[in-house]
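A.B. asks: Please read through the structure below; I'll follow up with questions.
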Amino acid sequence: MSLTSNDPRSRLPATIDPIDLGERGARLSGVLPLKAMPRLAQVCLNEAGEARVDLTFDRSEGHEVYTMRGAIDATVRVTCQRCLEPMELRFHAQPELMFVRPLAGAASLAEDAEVIEVDKPLALSELIEDELLLAMPMIPMHEFEACPAREHGAVKRGTTNPFAALKQRKPTER
Ligand SMILES: [Zn+2]
């Protein structure tokens, strides 16, 4: 079952060879549905979500090291941890990954940096999913002004005199 090719908006391949893409200086952009990322979907309210993906592949100068950089913008449904109501969460990831062929003489590099050895095609959705899981806020919440919880008394602290802060600052402003 192909997870991405049925979506007419998406031109993302199911698997990639980042080294081949890097040799060609390729760019991949498209939409990956949340359905294609089961681990991420598991922490969301439903599978109605997606990630807009824009990735650039390159070869680093003088080395057998290949890079993938880009931007991923995800929109998913989660539970607001302040009011416990459903909300739309938008978040962003900026992946920067390095790849080498096994036995490419980059063993020392692989030890001190996060370099991925590529000996078979990589599942693109898994790479994207990993980046999104890292970038996702641990405690998603509505913007304060938009959160229903602020009407249940959480706001009372905000009724202190707004000039109090100004008074405190005055002496240091000279
Ligand atoms: Zn909320």
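The way I read the labels, and the way they are meant: chains A, B, ... in the order of the structure tokens, residue 1 as the first residue of every chain, and ligand 1 as the first ligand shown, with later ones counted on from there.
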Quick check for you: according to DSSP on this backbone, which residues of stretch 16-146 of chain A are classed as strand (DSSP E)? Reply as a PyMOL selection string.
C.D. replies: chain A and resi 16+27-33+50-59+66-79+86-93+96-100+115-117+122-123
A.B. asks: Write out as CSV a residue-level contact list of chain A versus ligand 1 with cut-off 9 Å: for each qualifying residue the closest pair of atoms and the distance in Å to one decimal, counting only C-alpha atoms and all ligand atoms, rows sorted by chain and residue number upward.
C.D. replies:
```
residue,atom,partner,partner_atom_place_in_ligand_line,distance
A:Thr79,CA,ligand 1,1 (Zn),7.8
A:Cys80,CA,ligand 1,1 (Zn),4.6
A:Gln81,CA,ligand 1,1 (Zn),6.6
A:Arg82,CA,ligand 1,1 (Zn),5.0
A:Cys83,CA,ligand 1,1 (Zn),4.1
A:Leu84,CA,ligand 1,1 (Zn),6.2
A:Glu85,CA,ligand 1,1 (Zn),5.8
A:Pro86,CA,ligand 1,1 (Zn),7.7
A:Met87,CA,ligand 1,1 (Zn),7.2
A:Pro140,CA,ligand 1,1 (Zn),8.7
A:Met141,CA,ligand 1,1 (Zn),5.4
A:His142,CA,ligand 1,1 (Zn),4.4
A:Glu143,CA,ligand 1,1 (Zn),7.4
A:Phe144,CA,ligand 1,1 (Zn),7.4
A:Ala146,CA,ligand 1,1 (Zn),7.0
A:Cys147,CA,ligand 1,1 (Zn),3.8
A:Pro148,CA,ligand 1,1 (Zn),5.5
A:Ala149,CA,ligand 1,1 (Zn),5.8
A:Arg150,CA,ligand 1,1 (Zn),8.2
```
A.B. asks: Quick one: write out the picked residues with C-alpha atoms as a CSV table (one decimal), in the first residue's frame?
C.D. replies:
```
chain,number,residue,atom,x,y,z
A,79,THR,CA,-6.3,18.5,23.1
A,80,CYS,CA,-5.5,21.9,24.6
A,81,GLN,CA,-3.7,21.1,27.9
A,82,ARG,CA,-5.2,24.2,29.6
A,83,CYS,CA,-8.9,23.8,28.8
A,84,LEU,CA,-8.9,20.2,27.6
A,85,GLU,CA,-10.9,21.2,24.5
A,86,PRO,CA,-9.9,20.2,21.0
A,87,MET,CA,-7.7,22.6,19.1
A,140,PRO,CA,0.0,22.1,23.3
A,141,MET,CA,-2.3,24.9,24.3
A,142,HIS,CA,-4.5,27.5,22.7
A,143,GLU,CA,-3.2,31.0,22.5
A,144,PHE,CA,-4.1,32.4,25.9
A,146,ALA,CA,-8.3,32.1,22.5
A,147,CYS,CA,-8.5,29.5,25.2
A,148,PRO,CA,-11.9,28.9,26.8
A,149,ALA,CA,-10.2,28.2,30.2
A,150,ARG,CA,-9.5,32.0,30.6
```
A.B. asks: Where does stretch 56-88 of chain A meet stretch 17-32 of chain A within 8 Å, residue by residue, with the nearest atom pair and distance in Å to one decimal for each, counting only C-alpha atoms, listed by chain and rising number, as JSON lines?
C.D. replies:
```
{"residue": "A:Thr56", "atom": "CA", "partner": "A:Arg27", "partner_atom": "CA", "distance": 4.4}
{"residue": "A:Phe57", "atom": "CA", "partner": "A:Gly22", "partner_atom": "CA", "distance": 4.5}
{"residue": "A:Asp58", "atom": "CA", "partner": "A:Gly22", "partner_atom": "CA", "distance": 4.0}
{"residue": "A:Arg59", "atom": "CA", "partner": "A:Gly22", "partner_atom": "CA", "distance": 5.2}
{"residue": "A:Tyr66", "atom": "CA", "partner": "A:Gly22", "partner_atom": "CA", "distance": 5.7}
{"residue": "A:Thr67", "atom": "CA", "partner": "A:Gly22", "partner_atom": "CA", "distance": 6.7}
{"residue": "A:Met68", "atom": "CA", "partner": "A:Pro18", "partner_atom": "CA", "distance": 7.3}
```
A.B. asks: I'd like to know which of A:Glu50, A:Glu114, A:Cys44, A:Ala71 is closest to A:Met138, using only C-alpha atoms.
C.D. replies: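 Ranking A:Glu50, A:Glu114, A:Cys44, A:Ala71 by distance to A:Met138, first place goes to A:Cys44.
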A.B. asks: Restricting the calculation to only C-alpha atoms, which member of A:Ala36, A:Val65, A:Leu12, A:Leu133 is positioned closest to A:Ala48?
C.D. replies: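 Nearest to A:Ala48: A:Ala36.
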A.B. asks: Which polymer residues have any atom within 9 Å of an atom of stretch 116-132 of chain A, counting only C-alpha atoms, with same-chain residues fewer than 2 positions away left out, as a ChimeraX atom specification?
C.D. replies: /A:3-4,12-19,32,34,36-40,51,53,72-74,91-95,97-102,110,114,134-136
A.B. asks: What separation in Å, quoted to one decimal, exists between atom CA of A:Arg11 and atom CA of A:Gly70?
C.D. replies: 16.0 Å
A.B. asks: Rank A:Asp54, A:Val115, A:His63, A:Gly49 by their smallest atom-to-atom distance to A:Arg90, using only C-alpha atoms, and report the top residue only.
C.D. replies: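 Checking each candidate against A:Arg90, we get A:Gly49 as the closest.
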